[in-house]
>>> print(open('start-v3.txt').read())   # compact mmCIF, C-alpha atoms and all ligand atoms
# COMPACT_ATOMS: atom_id res chain seq x y z
CA MET A 219 6.87 -19.32 -8.68
CA PRO A 220 3.67 -18.03 -10.28
CA GLN A 221 3.41 -14.34 -10.87
CA GLU A 222 1.70 -12.71 -7.98
CA PRO A 223 0.64 -9.18 -8.66
CA HIS A 224 1.26 -6.76 -5.91
CA ILE A 225 -1.39 -4.12 -5.72
CA LEU A 226 -1.04 -0.64 -4.39
CA GLY A 227 -3.52 2.12 -4.50
CA VAL A 228 -7.10 1.42 -3.91
CA CYS A 229 -9.35 4.33 -4.56
CA GLU A 230 -12.81 4.97 -5.80
CA ILE A 231 -13.36 7.17 -8.80
CA LYS A 232 -16.72 8.83 -9.11
CA GLU A 233 -17.93 11.59 -11.39
CA GLU A 234 -19.00 13.74 -8.50
CA ASN A 235 -16.18 15.94 -7.22
CA ASP A 236 -18.07 17.95 -4.67
CA ILE A 237 -16.72 17.64 -1.20
CA GLY A 238 -19.51 17.57 1.31
CA GLU A 239 -19.08 19.48 4.56
CA ASN A 240 -18.84 16.27 6.48
CA ALA A 241 -16.10 14.96 4.20
CA LYS A 242 -14.24 18.30 4.42
CA GLU A 243 -14.10 18.04 8.17
CA GLN A 244 -12.84 14.50 7.88
CA VAL A 245 -10.16 15.58 5.40
CA ASP A 246 -8.95 18.26 7.83
CA ALA A 247 -8.97 15.75 10.64
CA PHE A 248 -7.14 13.25 8.51
CA LEU A 249 -4.44 15.71 7.48
CA GLY A 250 -3.77 16.13 11.17
CA LYS A 251 -3.28 12.38 11.46
CA ALA A 252 -1.16 11.97 8.32
CA ARG A 253 2.02 12.41 10.35
CA ASP A 254 1.13 9.69 12.79
CA ALA A 255 2.85 6.68 11.23
CA ASP A 256 2.01 4.41 14.17
CA ALA A 257 -1.72 5.15 13.93
CA LEU A 258 -1.83 4.73 10.16
CA ALA A 259 0.20 1.53 10.31
CA GLY A 260 -2.33 0.28 12.86
CA LEU A 261 -5.12 1.09 10.40
CA VAL A 262 -3.39 -0.78 7.57
CA LEU A 263 -3.11 -3.81 9.83
CA GLU A 264 -6.72 -3.49 10.93
CA MET A 265 -7.81 -3.58 7.29
CA ASP A 266 -6.08 -6.91 6.71
CA PRO A 267 -8.46 -9.87 6.39
CA THR A 268 -6.36 -11.77 8.94
CA TYR A 269 -6.51 -8.99 11.56
CA ARG A 270 -8.93 -10.74 13.89
CA LEU A 271 -6.79 -13.88 13.83
CA ILE A 272 -3.77 -12.01 15.20
CA PRO A 273 -3.72 -12.02 19.01
CA ALA A 274 -4.44 -8.49 20.27
CA VAL A 275 -1.21 -8.46 22.30
CA ARG A 276 0.89 -9.02 19.16
CA ARG A 277 -0.64 -6.38 16.85
CA THR A 278 1.28 -3.29 17.93
CA GLU A 279 4.54 -5.22 18.03
CA LEU A 280 4.01 -6.58 14.50
CA ALA A 281 3.12 -3.16 13.06
CA SER A 282 6.22 -1.68 14.74
CA MET A 283 8.39 -4.48 13.34
CA ALA A 284 7.15 -3.68 9.83
CA LEU A 285 7.67 0.08 10.31
CA GLU A 286 11.19 -0.40 11.62
CA THR A 287 12.11 -2.82 8.85
CA GLY A 288 10.92 -0.42 6.15
CA ARG A 289 12.96 2.43 7.64
CA ALA A 290 16.04 0.25 8.19
CA TRP A 291 16.00 -1.04 4.60
CA ALA A 292 15.79 2.55 3.29
CA HIS A 293 18.86 3.51 5.30
CA GLU A 294 20.71 0.34 4.30
CA LEU A 295 19.94 0.90 0.64
CA ARG A 296 21.03 4.52 0.74
CA ALA A 297 24.39 3.45 2.16
CA THR A 298 25.04 1.04 -0.72
CA HIS A 299 23.12 2.80 -3.53
CA PRO A 300 23.28 6.56 -3.13
CA ALA A 301 21.41 7.26 -6.40
CA GLU A 302 18.46 9.60 -5.79
CA ASP A 303 16.99 8.75 -9.20
CA LEU A 304 14.57 5.92 -8.56
CA ALA A 305 14.53 4.77 -12.20
CA LEU A 306 18.32 4.39 -12.05
CA LEU A 307 18.03 2.64 -8.71
CA ALA A 308 15.50 0.20 -10.18
CA GLN A 309 17.92 -0.54 -13.00
CA GLN A 310 20.75 -1.13 -10.52
CA LEU A 311 18.52 -3.51 -8.55
CA GLY A 312 17.56 -5.45 -11.66
CA VAL A 313 13.89 -4.58 -11.91
CA GLU A 314 12.28 -3.32 -15.08
CA VAL A 315 9.89 -0.36 -14.85
CA GLU A 316 7.02 -0.29 -17.28
CA PHE A 317 4.72 2.70 -17.75
CA SER A 318 1.26 1.76 -18.89
CA ASP A 319 -1.43 4.05 -20.27
CA GLU A 320 -4.03 1.37 -19.74
CA ALA A 321 -6.48 1.81 -16.93
CA ASN A 322 -6.23 -1.00 -14.42
CA GLU A 323 -9.58 -1.05 -12.75
CA ALA A 324 -11.76 -3.70 -11.20
CA GLY A 325 -15.23 -2.28 -10.66
CA ASP A 326 -14.83 0.99 -8.81
CA VAL A 327 -11.31 0.14 -7.68
CA VAL A 328 -8.35 1.78 -9.41
CA ILE A 329 -4.87 0.26 -9.21
CA ARG A 330 -1.97 2.70 -9.52
CA SER A 331 1.04 0.38 -9.51
CA GLU A 332 1.97 -3.28 -9.26
CA TYR A 333 5.03 -5.45 -8.69
CA TYR A 334 5.64 -8.83 -10.31
CA ASP A 335 8.57 -10.96 -9.21
CA ALA A 336 8.98 -13.37 -12.14
CA PRO A 337 10.47 -11.68 -14.03
CA ALA A 338 11.00 -8.69 -11.76
CA ARG A 339 8.84 -5.89 -13.08
CA ILE A 340 7.13 -2.76 -11.78
CA VAL A 341 4.12 -1.45 -13.66
CA ILE A 342 3.03 2.16 -13.16
CA TYR A 343 -0.48 2.98 -14.35
CA GLN A 344 -0.13 6.59 -15.46
CA SER A 345 -3.80 7.39 -15.97
CA SER A 346 -4.54 6.17 -12.44
CA LEU A 347 -1.75 8.36 -11.06
CA GLU A 348 -3.14 11.29 -13.03
CA LYS A 349 -6.58 10.80 -11.48
CA THR A 350 -5.04 10.81 -8.03
CA ARG A 351 -3.08 13.95 -8.87
CA GLU A 352 -6.32 15.68 -9.95
CA VAL A 353 -8.07 14.63 -6.77
CA ILE A 354 -5.28 16.04 -4.63
CA GLU A 355 -5.21 19.33 -6.54
CA GLN A 356 -8.97 19.80 -6.75
CA ALA A 357 -9.34 19.13 -3.07
CA GLY A 358 -6.76 21.84 -2.29
CA LEU A 359 -4.42 19.31 -0.73
CA ALA A 360 -1.39 20.00 -2.93
CA ALA A 361 0.32 22.02 -0.20
CA ALA A 362 0.13 19.04 2.14
CA ILE A 363 0.74 16.29 -0.42
CA ASP A 364 3.01 17.35 -3.30
CA PRO A 365 1.46 15.74 -6.42
CA GLY A 366 4.94 15.75 -7.99
CA LEU A 367 5.85 13.04 -5.49
CA LEU A 368 3.20 10.59 -6.67
CA LEU A 369 5.45 8.83 -9.16
CA PRO A 370 8.49 8.58 -6.81
CA ILE A 371 6.20 7.35 -4.04
CA HIS A 372 4.82 4.54 -6.18
CA LEU A 373 8.22 3.61 -7.61
CA ALA A 374 9.77 3.49 -4.15
CA HIS A 375 6.82 1.49 -2.80
CA GLU A 376 7.21 -1.17 -5.44
CA LEU A 377 11.01 -1.15 -5.03
CA PHE A 378 10.45 -2.16 -1.43
CA HIS A 379 8.52 -5.22 -2.63
CA HIS A 380 11.40 -5.95 -4.99
CA LEU A 381 13.79 -5.80 -2.02
CA GLU A 382 11.55 -8.29 -0.20
CA HIS A 383 11.92 -10.56 -3.21
CA LEU A 384 15.71 -10.08 -3.46
CA LYS A 385 16.21 -10.68 0.24
CA GLN A 386 13.69 -13.57 0.20
CA ASP A 387 12.22 -11.91 3.24
CA ARG A 388 8.61 -10.98 2.61
CA LEU A 389 7.35 -9.22 5.68
CA SER A 390 3.92 -10.71 5.06
CA GLN A 391 5.43 -14.14 5.72
CA ARG A 392 7.19 -13.23 8.97
CA TYR A 393 4.03 -13.95 10.91
CA LYS A 394 1.49 -16.67 10.16
CA VAL A 395 -2.07 -17.02 11.32
CA PRO A 396 -4.14 -20.19 11.16
CA THR A 397 -7.05 -19.65 8.78
CA LEU A 398 -8.35 -23.20 9.16
CA ARG A 399 -7.86 -25.08 12.39
CA ILE A 400 -9.31 -28.41 13.46
CA GLY A 401 -8.59 -29.33 17.05
CA GLN A 402 -4.89 -28.81 17.67
CA TRP A 403 -4.06 -28.90 13.96
CA ASN A 404 -3.51 -25.79 11.88
CA LEU A 405 -4.60 -27.05 8.48
CA ILE A 406 -4.14 -23.80 6.59
CA VAL A 407 -1.93 -20.89 7.62
CA SER A 408 -1.72 -17.52 5.96
CA GLY A 409 0.73 -14.66 6.06
CA VAL A 410 -0.30 -11.10 6.93
CA ARG A 411 -0.13 -9.04 3.77
CA ALA A 412 -0.53 -5.76 5.65
CA LEU A 413 2.95 -6.19 7.16
CA SER A 414 4.48 -5.91 3.69
CA GLU A 415 2.37 -2.83 3.02
CA ILE A 416 3.32 -1.14 6.28
CA GLY A 417 6.98 -1.88 5.53
CA ALA A 418 6.63 -0.40 2.03
CA HIS A 419 4.99 2.79 3.33
CA ALA A 420 7.70 3.20 5.98
CA PHE A 421 10.39 2.59 3.36
CA VAL A 422 8.89 5.26 1.08
CA GLN A 423 8.59 7.74 3.91
CA ALA A 424 12.23 7.26 4.94
CA TRP A 425 13.59 7.16 1.40
CA LEU A 426 11.79 10.33 0.29
CA ARG A 427 12.12 11.98 3.71
CA LEU A 428 8.41 12.68 3.92
CA ASP A 429 6.97 14.07 7.13
CA TRP A 430 3.73 12.14 6.52
CA PHE A 431 2.99 8.45 6.12
CA PRO A 432 2.23 7.60 2.46
CA PHE A 433 -0.82 5.49 3.26
CA ALA A 434 -2.47 8.85 3.93
CA ILE A 435 -2.88 9.30 0.16
CA ASP A 436 -5.34 6.43 -0.11
CA GLN A 437 -7.30 7.68 2.84
CA LEU A 438 -7.36 11.32 1.76
CA GLU A 439 -8.38 10.44 -1.75
CA ARG A 440 -11.24 8.36 -0.47
CA LEU A 441 -12.42 11.15 1.82
CA THR A 442 -12.17 13.86 -0.84
CA ARG A 443 -14.41 11.72 -3.02
CA GLY A 444 -16.97 12.01 -0.30
CA ASP A 445 -16.64 8.39 0.75
CA THR A 446 -16.84 8.61 4.49
CA ARG A 447 -17.54 4.95 5.05
CA ASP A 448 -15.53 3.25 7.70
CA PRO A 449 -12.23 2.28 6.02
CA VAL A 450 -12.22 -1.18 7.55
CA ASP A 451 -15.74 -1.96 6.27
CA ARG A 452 -14.81 -0.55 2.91
CA TRP A 453 -11.72 -2.73 2.71
CA ASN A 454 -13.73 -5.81 3.57
CA GLU A 455 -16.18 -5.00 0.77
CA PHE A 456 -13.27 -4.63 -1.63
CA SER A 457 -11.70 -7.92 -0.54
CA LYS A 458 -14.99 -9.69 -1.18
CA LYS A 459 -15.13 -8.20 -4.67
CA ARG A 460 -11.57 -9.28 -5.37
CA SER A 461 -12.43 -12.87 -4.61
CA TRP A 462 -14.67 -12.87 -7.69
CA PHE A 463 -11.65 -11.98 -9.82
CA GLY A 464 -9.52 -14.97 -8.96
CA GLY A 465 -8.72 -14.60 -5.31
CA TRP A 466 -6.95 -12.31 -2.97
CA LYS A 467 -3.63 -13.41 -1.55
ZN ZN B 501 2.47 -2.64 -1.68
>>> encode(input="start-v3.txt", output="structure tokens", more="lines below")
Ligand SMILES: [Zn+2]
Amino acid sequence: MPQEPHILGVCEIKEENDIGENAKEQVDAFLGKARDADALAGLVLEMDPTYRLIPAVRRTELASMALETGRAWAHELRATHPAEDLALLAQQLGVEVEFSDEANEAGDVVIRSEYYDAPARIVIYQSSLEKTREVIEQAGLAAAIDPGLLLPIHLAHELFHHLEHLKQDRLSQRYKVPTLRIGQWNLIVSGVRALSEIGAHAFVQAWLRLDWFPFAIDQLERLTRGDTRDPVDRWNEFSKKRSWFGGWK
């Protein structure tokens, strides 16, 4: 199977650190929503390129399935692997963790961690994590989002993708949408990548016992940078850019 990078952590880095009044209000509003896992999971799904191909009546059910799976796998794993130390846990689960000082950026997009399944490997981009830490601190959000949790959050997130690989049960493949249909024939079908992401966020939240949904970091970071564009539009722009770099799966 070809290596398929898993990407977590999309954020824009700009020189300007001023938070406009409008963005400040949105940050406050967003902090209020950070505990609402159902709403944030819905947003993750809505940002998926396949969203409009999923029948409206199935969307909530699919997001809930992914949330419940992430939580269940965290509880299952804790029962068999009680180690709190995520690096040790990674070792026990047979995945190598590599810390890179290189910046992994594509245009204005910064990637904080990745998972590769052949061979199993997690890459943590330390300078990207550091930038996120600075954003959280400078925006006065450290009380709400402990920057010390950034590394465990990203390790746990990628461990979830490793579990998907070990179990041969990628949540993104549990539901397929036709992306090319002629008449009654579905010529091309695609999985829903957002389901894997929702599962990973739910896994992280349960494993680290967070009272907020980890996807909130991406959203808060974007808002504190003063980017108040609609997240769905922004995601679509990003997806288009990715296609120039060899495709988005
Ligand atoms: Zn992920």
>>> residues_around(input="start-v3.txt", residues="A:Arg351", least_positions_apart="4", cutoff="7 Å", atoms="all atoms listed in the file", output="PDB file with C-alpha atoms, keeping the file's coordinate frame")
ATOM      1  CA  LEU A 347      -1.750   8.360 -11.060  1.00  0.00           C
ATOM      2  CA  GLU A 355      -5.210  19.330  -6.540  1.00  0.00           C
ATOM      3  CA  PRO A 365       1.460  15.740  -6.420  1.00  0.00           C
TER       4      PRO A 365
END
>>> closest_atom_pairs(input="start-v3.txt", of="chain A", to="ligand ZN 501 (chain B)", cutoff="12 Å", atoms="all atoms listed in the file", output="CSV")
residue,atom,partner,partner_atom,distance
A:Glu222,CA,B:ZN501,ZN,11.9
A:Pro223,CA,B:ZN501,ZN,9.7
A:His224,CA,B:ZN501,ZN,6.0
A:Ile225,CA,B:ZN501,ZN,5.8
A:Leu226,CA,B:ZN501,ZN,4.9
A:Gly227,CA,B:ZN501,ZN,8.2
A:Val228,CA,B:ZN501,ZN,10.6
A:Val262,CA,B:ZN501,ZN,11.1
A:Gly288,CA,B:ZN501,ZN,11.7
A:Ile329,CA,B:ZN501,ZN,10.9
A:Arg330,CA,B:ZN501,ZN,10.5
A:Ser331,CA,B:ZN501,ZN,8.5
A:Glu332,CA,B:ZN501,ZN,7.6
A:Tyr333,CA,B:ZN501,ZN,8.0
A:Tyr334,CA,B:ZN501,ZN,11.1
A:Ile340,CA,B:ZN501,ZN,11.1
A:Ile371,CA,B:ZN501,ZN,10.9
A:His372,CA,B:ZN501,ZN,8.8
A:Leu373,CA,B:ZN501,ZN,10.4
A:Ala374,CA,B:ZN501,ZN,9.8
A:His375,CA,B:ZN501,ZN,6.1
A:Glu376,CA,B:ZN501,ZN,6.2
A:Leu377,CA,B:ZN501,ZN,9.3
A:Phe378,CA,B:ZN501,ZN,8.0
A:His379,CA,B:ZN501,ZN,6.6
A:His380,CA,B:ZN501,ZN,10.1
A:Leu381,CA,B:ZN501,ZN,11.8
A:Glu382,CA,B:ZN501,ZN,10.8
A:Arg388,CA,B:ZN501,ZN,11.2
A:Leu389,CA,B:ZN501,ZN,11.0
A:Ser390,CA,B:ZN501,ZN,10.6
A:Arg411,CA,B:ZN501,ZN,8.8
A:Ala412,CA,B:ZN501,ZN,8.5
A:Leu413,CA,B:ZN501,ZN,9.5
A:Ser414,CA,B:ZN501,ZN,6.6
A:Glu415,CA,B:ZN501,ZN,4.7
A:Ile416,CA,B:ZN501,ZN,8.1
A:Gly417,CA,B:ZN501,ZN,8.5
A:Ala418,CA,B:ZN501,ZN,6.0
A:His419,CA,B:ZN501,ZN,7.8
A:Ala420,CA,B:ZN501,ZN,11.0
A:Phe421,CA,B:ZN501,ZN,10.7
A:Val422,CA,B:ZN501,ZN,10.5
A:Pro432,CA,B:ZN501,ZN,11.0
A:Phe433,CA,B:ZN501,ZN,10.1
>>> atom_distance(input="start-v3.txt", atom1="atom CA of A:Leu441", atom2="atom CA of A:Leu428")
21.0 Å
>>> atom_distance(input="start-v3.txt", atom1="atom CA of A:His299", atom2="atom CA of A:Gln386")
19.3 Å
>>> closest_residue(input="start-v3.txt", among="A:Leu295, A:Ala361, A:Leu261, A:Ala308", to="A:Ala281", atoms="all atoms listed in the file")
A:Leu261
>>> residues_around(input="start-v3.txt", residues="A:Lys394", least_positions_apart="6", cutoff="12 Å", atoms="only C-alpha atoms", output="list in words")
Thr268, Tyr269, Leu271, Ile272, Pro273, Arg276, Leu280, Arg388, Asn404, Ile406, Val407, Ser408, Gly409, Val410, Arg411, Ala412 and Leu413 of chain A
>>> residues_around(input="start-v3.txt", residues="A:Asp254", least_positions_apart="3", cutoff="10 Å", atoms="all atoms listed in the file", output="list in words")
Phe248, Leu249, Gly250, Lys251, Ala257, Leu258, Ala259, Asp429, Trp430, Phe431 and Ala434 of chain A
>>> closest_residue(input="start-v3.txt", among="A:Leu307, A:Ile435, A:Leu426, A:Val313", to="A:Asp335", atoms="all atoms listed in the file")
A:Val313
>>> closest_residue(input="start-v3.txt", among="A:Ala336, A:Ala297, A:Leu368, A:Ile342", to="A:Asp319", atoms="only C-alpha atoms")
A:Ile342
>>> atom_distance(input="start-v3.txt", atom1="atom CA of A:Ile400", atom2="atom CA of A:Arg270")
17.7 Å
>>> closest_residue(input="start-v3.txt", among="A:Gly260, A:Ile363, A:Gly312, A:Gln437", to="A:Ala274", atoms="all atoms listed in the file")
A:Gly260
>>> decode(input="start-v3.txt", residues="stretch 336-349 of chain A", atoms="all heavy atoms", output="PDB file, in the first residue's frame")
ATOM      1  N   ALA A 336       3.034   2.770   6.306  1.00  0.00           N
ATOM      2  CA  ALA A 336       3.947   1.754   5.754  1.00  0.00           C
ATOM      3  C   ALA A 336       5.349   2.314   5.556  1.00  0.00           C
ATOM      4  O   ALA A 336       5.620   2.887   4.507  1.00  0.00           O
ATOM      5  CB  ALA A 336       3.392   1.230   4.419  1.00  0.00           C
ATOM      6  N   PRO A 337       6.256   2.156   6.520  1.00  0.00           N
ATOM      7  CA  PRO A 337       6.023   1.536   7.824  1.00  0.00           C
ATOM      8  C   PRO A 337       5.338   2.532   8.777  1.00  0.00           C
ATOM      9  O   PRO A 337       5.351   3.737   8.525  1.00  0.00           O
ATOM     10  CB  PRO A 337       7.452   1.229   8.302  1.00  0.00           C
ATOM     11  CG  PRO A 337       8.299   2.272   7.659  1.00  0.00           C
ATOM     12  CD  PRO A 337       7.648   2.589   6.343  1.00  0.00           C
ATOM     13  N   ALA A 338       4.764   1.959   9.841  1.00  0.00           N
ATOM     14  CA  ALA A 338       3.988   2.796  10.764  1.00  0.00           C
ATOM     15  C   ALA A 338       4.877   3.854  11.412  1.00  0.00           C
ATOM     16  O   ALA A 338       5.882   3.529  12.047  1.00  0.00           O
ATOM     17  CB  ALA A 338       3.346   1.913  11.830  1.00  0.00           C
ATOM     18  N   ARG A 339       4.487   5.093  11.234  1.00  0.00           N
ATOM     19  CA  ARG A 339       5.342   6.191  11.686  1.00  0.00           C
ATOM     20  C   ARG A 339       4.498   7.443  11.937  1.00  0.00           C
ATOM     21  O   ARG A 339       3.619   7.777  11.136  1.00  0.00           O
ATOM     22  CB  ARG A 339       6.370   6.481  10.583  1.00  0.00           C
ATOM     23  CG  ARG A 339       7.426   7.482  10.891  1.00  0.00           C
ATOM     24  CD  ARG A 339       8.541   7.356   9.851  1.00  0.00           C
ATOM     25  NE  ARG A 339       8.097   7.670   8.502  1.00  0.00           N
ATOM     26  CZ  ARG A 339       8.344   8.833   7.873  1.00  0.00           C
ATOM     27  NH1 ARG A 339       9.035   9.766   8.463  1.00  0.00           N
ATOM     28  NH2 ARG A 339       7.912   9.027   6.631  1.00  0.00           N
ATOM     29  N   ILE A 340       4.789   8.089  13.067  1.00  0.00           N
ATOM     30  CA  ILE A 340       4.147   9.377  13.370  1.00  0.00           C
ATOM     31  C   ILE A 340       5.235  10.437  13.282  1.00  0.00           C
ATOM     32  O   ILE A 340       6.319  10.249  13.828  1.00  0.00           O
ATOM     33  CB  ILE A 340       3.546   9.366  14.793  1.00  0.00           C
ATOM     34  CG1 ILE A 340       2.317   8.448  14.859  1.00  0.00           C
ATOM     35  CG2 ILE A 340       3.176  10.780  15.245  1.00  0.00           C
ATOM     36  CD1 ILE A 340       1.816   8.176  16.277  1.00  0.00           C
ATOM     37  N   VAL A 341       4.947  11.517  12.598  1.00  0.00           N
ATOM     38  CA  VAL A 341       5.916  12.616  12.550  1.00  0.00           C
ATOM     39  C   VAL A 341       5.287  13.828  13.242  1.00  0.00           C
ATOM     40  O   VAL A 341       4.152  14.214  12.928  1.00  0.00           O
ATOM     41  CB  VAL A 341       6.293  12.996  11.102  1.00  0.00           C
ATOM     42  CG1 VAL A 341       7.387  14.071  11.107  1.00  0.00           C
ATOM     43  CG2 VAL A 341       6.765  11.779  10.323  1.00  0.00           C
ATOM     44  N   ILE A 342       6.020  14.373  14.207  1.00  0.00           N
ATOM     45  CA  ILE A 342       5.577  15.577  14.907  1.00  0.00           C
ATOM     46  C   ILE A 342       6.467  16.734  14.442  1.00  0.00           C
ATOM     47  O   ILE A 342       7.693  16.645  14.511  1.00  0.00           O
ATOM     48  CB  ILE A 342       5.739  15.412  16.439  1.00  0.00           C
ATOM     49  CG1 ILE A 342       4.930  14.218  16.968  1.00  0.00           C
ATOM     50  CG2 ILE A 342       5.386  16.711  17.171  1.00  0.00           C
ATOM     51  CD1 ILE A 342       3.441  14.412  17.041  1.00  0.00           C
ATOM     52  N   TYR A 343       5.847  17.772  13.940  1.00  0.00           N
ATOM     53  CA  TYR A 343       6.602  18.940  13.465  1.00  0.00           C
ATOM     54  C   TYR A 343       6.678  19.953  14.609  1.00  0.00           C
ATOM     55  O   TYR A 343       5.709  20.670  14.890  1.00  0.00           O
ATOM     56  CB  TYR A 343       5.946  19.521  12.211  1.00  0.00           C
ATOM     57  CG  TYR A 343       6.017  18.545  11.066  1.00  0.00           C
ATOM     58  CD1 TYR A 343       4.955  17.689  10.771  1.00  0.00           C
ATOM     59  CD2 TYR A 343       7.192  18.419  10.321  1.00  0.00           C
ATOM     60  CE1 TYR A 343       5.042  16.754   9.754  1.00  0.00           C
ATOM     61  CE2 TYR A 343       7.285  17.474   9.296  1.00  0.00           C
ATOM     62  CZ  TYR A 343       6.210  16.653   9.027  1.00  0.00           C
ATOM     63  OH  TYR A 343       6.305  15.720   8.024  1.00  0.00           O
ATOM     64  N   GLN A 344       7.835  19.972  15.265  1.00  0.00           N
ATOM     65  CA  GLN A 344       7.959  20.741  16.506  1.00  0.00           C
ATOM     66  C   GLN A 344       7.835  22.246  16.306  1.00  0.00           C
ATOM     67  O   GLN A 344       7.265  22.930  17.141  1.00  0.00           O
ATOM     68  CB  GLN A 344       9.287  20.410  17.182  1.00  0.00           C
ATOM     69  CG  GLN A 344       9.357  18.929  17.541  1.00  0.00           C
ATOM     70  CD  GLN A 344      10.525  18.585  18.423  1.00  0.00           C
ATOM     71  OE1 GLN A 344      10.375  18.393  19.618  1.00  0.00           O
ATOM     72  NE2 GLN A 344      11.696  18.519  17.836  1.00  0.00           N
ATOM     73  N   SER A 345       8.375  22.755  15.186  1.00  0.00           N
ATOM     74  CA  SER A 345       8.294  24.207  15.012  1.00  0.00           C
ATOM     75  C   SER A 345       6.839  24.626  14.757  1.00  0.00           C
ATOM     76  O   SER A 345       6.412  25.703  15.161  1.00  0.00           O
ATOM     77  CB  SER A 345       9.217  24.685  13.889  1.00  0.00           C
ATOM     78  OG  SER A 345       8.844  24.082  12.686  1.00  0.00           O
ATOM     79  N   SER A 346       6.080  23.758  14.125  1.00  0.00           N
ATOM     80  CA  SER A 346       4.662  24.067  13.900  1.00  0.00           C
ATOM     81  C   SER A 346       3.901  24.054  15.228  1.00  0.00           C
ATOM     82  O   SER A 346       3.049  24.914  15.476  1.00  0.00           O
ATOM     83  CB  SER A 346       4.029  23.048  12.952  1.00  0.00           C
ATOM     84  OG  SER A 346       4.738  23.006  11.739  1.00  0.00           O
ATOM     85  N   LEU A 347       4.241  23.086  16.091  1.00  0.00           N
ATOM     86  CA  LEU A 347       3.591  23.034  17.403  1.00  0.00           C
ATOM     87  C   LEU A 347       3.941  24.277  18.209  1.00  0.00           C
ATOM     88  O   LEU A 347       3.099  24.830  18.921  1.00  0.00           O
ATOM     89  CB  LEU A 347       4.053  21.795  18.188  1.00  0.00           C
ATOM     90  CG  LEU A 347       3.405  20.459  17.880  1.00  0.00           C
ATOM     91  CD1 LEU A 347       3.809  19.437  18.935  1.00  0.00           C
ATOM     92  CD2 LEU A 347       1.893  20.557  17.818  1.00  0.00           C
ATOM     93  N   GLU A 348       5.195  24.709  18.077  1.00  0.00           N
ATOM     94  CA  GLU A 348       5.649  25.882  18.820  1.00  0.00           C
ATOM     95  C   GLU A 348       4.876  27.130  18.382  1.00  0.00           C
ATOM     96  O   GLU A 348       4.480  27.944  19.208  1.00  0.00           O
ATOM     97  CB  GLU A 348       7.164  26.053  18.598  1.00  0.00           C
ATOM     98  CG  GLU A 348       7.855  26.955  19.582  1.00  0.00           C
ATOM     99  CD  GLU A 348       7.506  26.662  21.041  1.00  0.00           C
ATOM    100  OE1 GLU A 348       7.438  25.480  21.448  1.00  0.00           O
ATOM    101  OE2 GLU A 348       7.268  27.647  21.772  1.00  0.00           O
ATOM    102  N   LYS A 349       4.636  27.236  17.087  1.00  0.00           N
ATOM    103  CA  LYS A 349       3.873  28.387  16.579  1.00  0.00           C
ATOM    104  C   LYS A 349       2.453  28.378  17.149  1.00  0.00           C
ATOM    105  O   LYS A 349       1.910  29.409  17.522  1.00  0.00           O
ATOM    106  CB  LYS A 349       3.815  28.353  15.049  1.00  0.00           C
ATOM    107  CG  LYS A 349       5.112  28.810  14.404  1.00  0.00           C
ATOM    108  CD  LYS A 349       5.026  28.684  12.880  1.00  0.00           C
ATOM    109  CE  LYS A 349       6.343  29.088  12.239  1.00  0.00           C
ATOM    110  NZ  LYS A 349       6.384  28.810  10.798  1.00  0.00           N
TER     111      LYS A 349
END
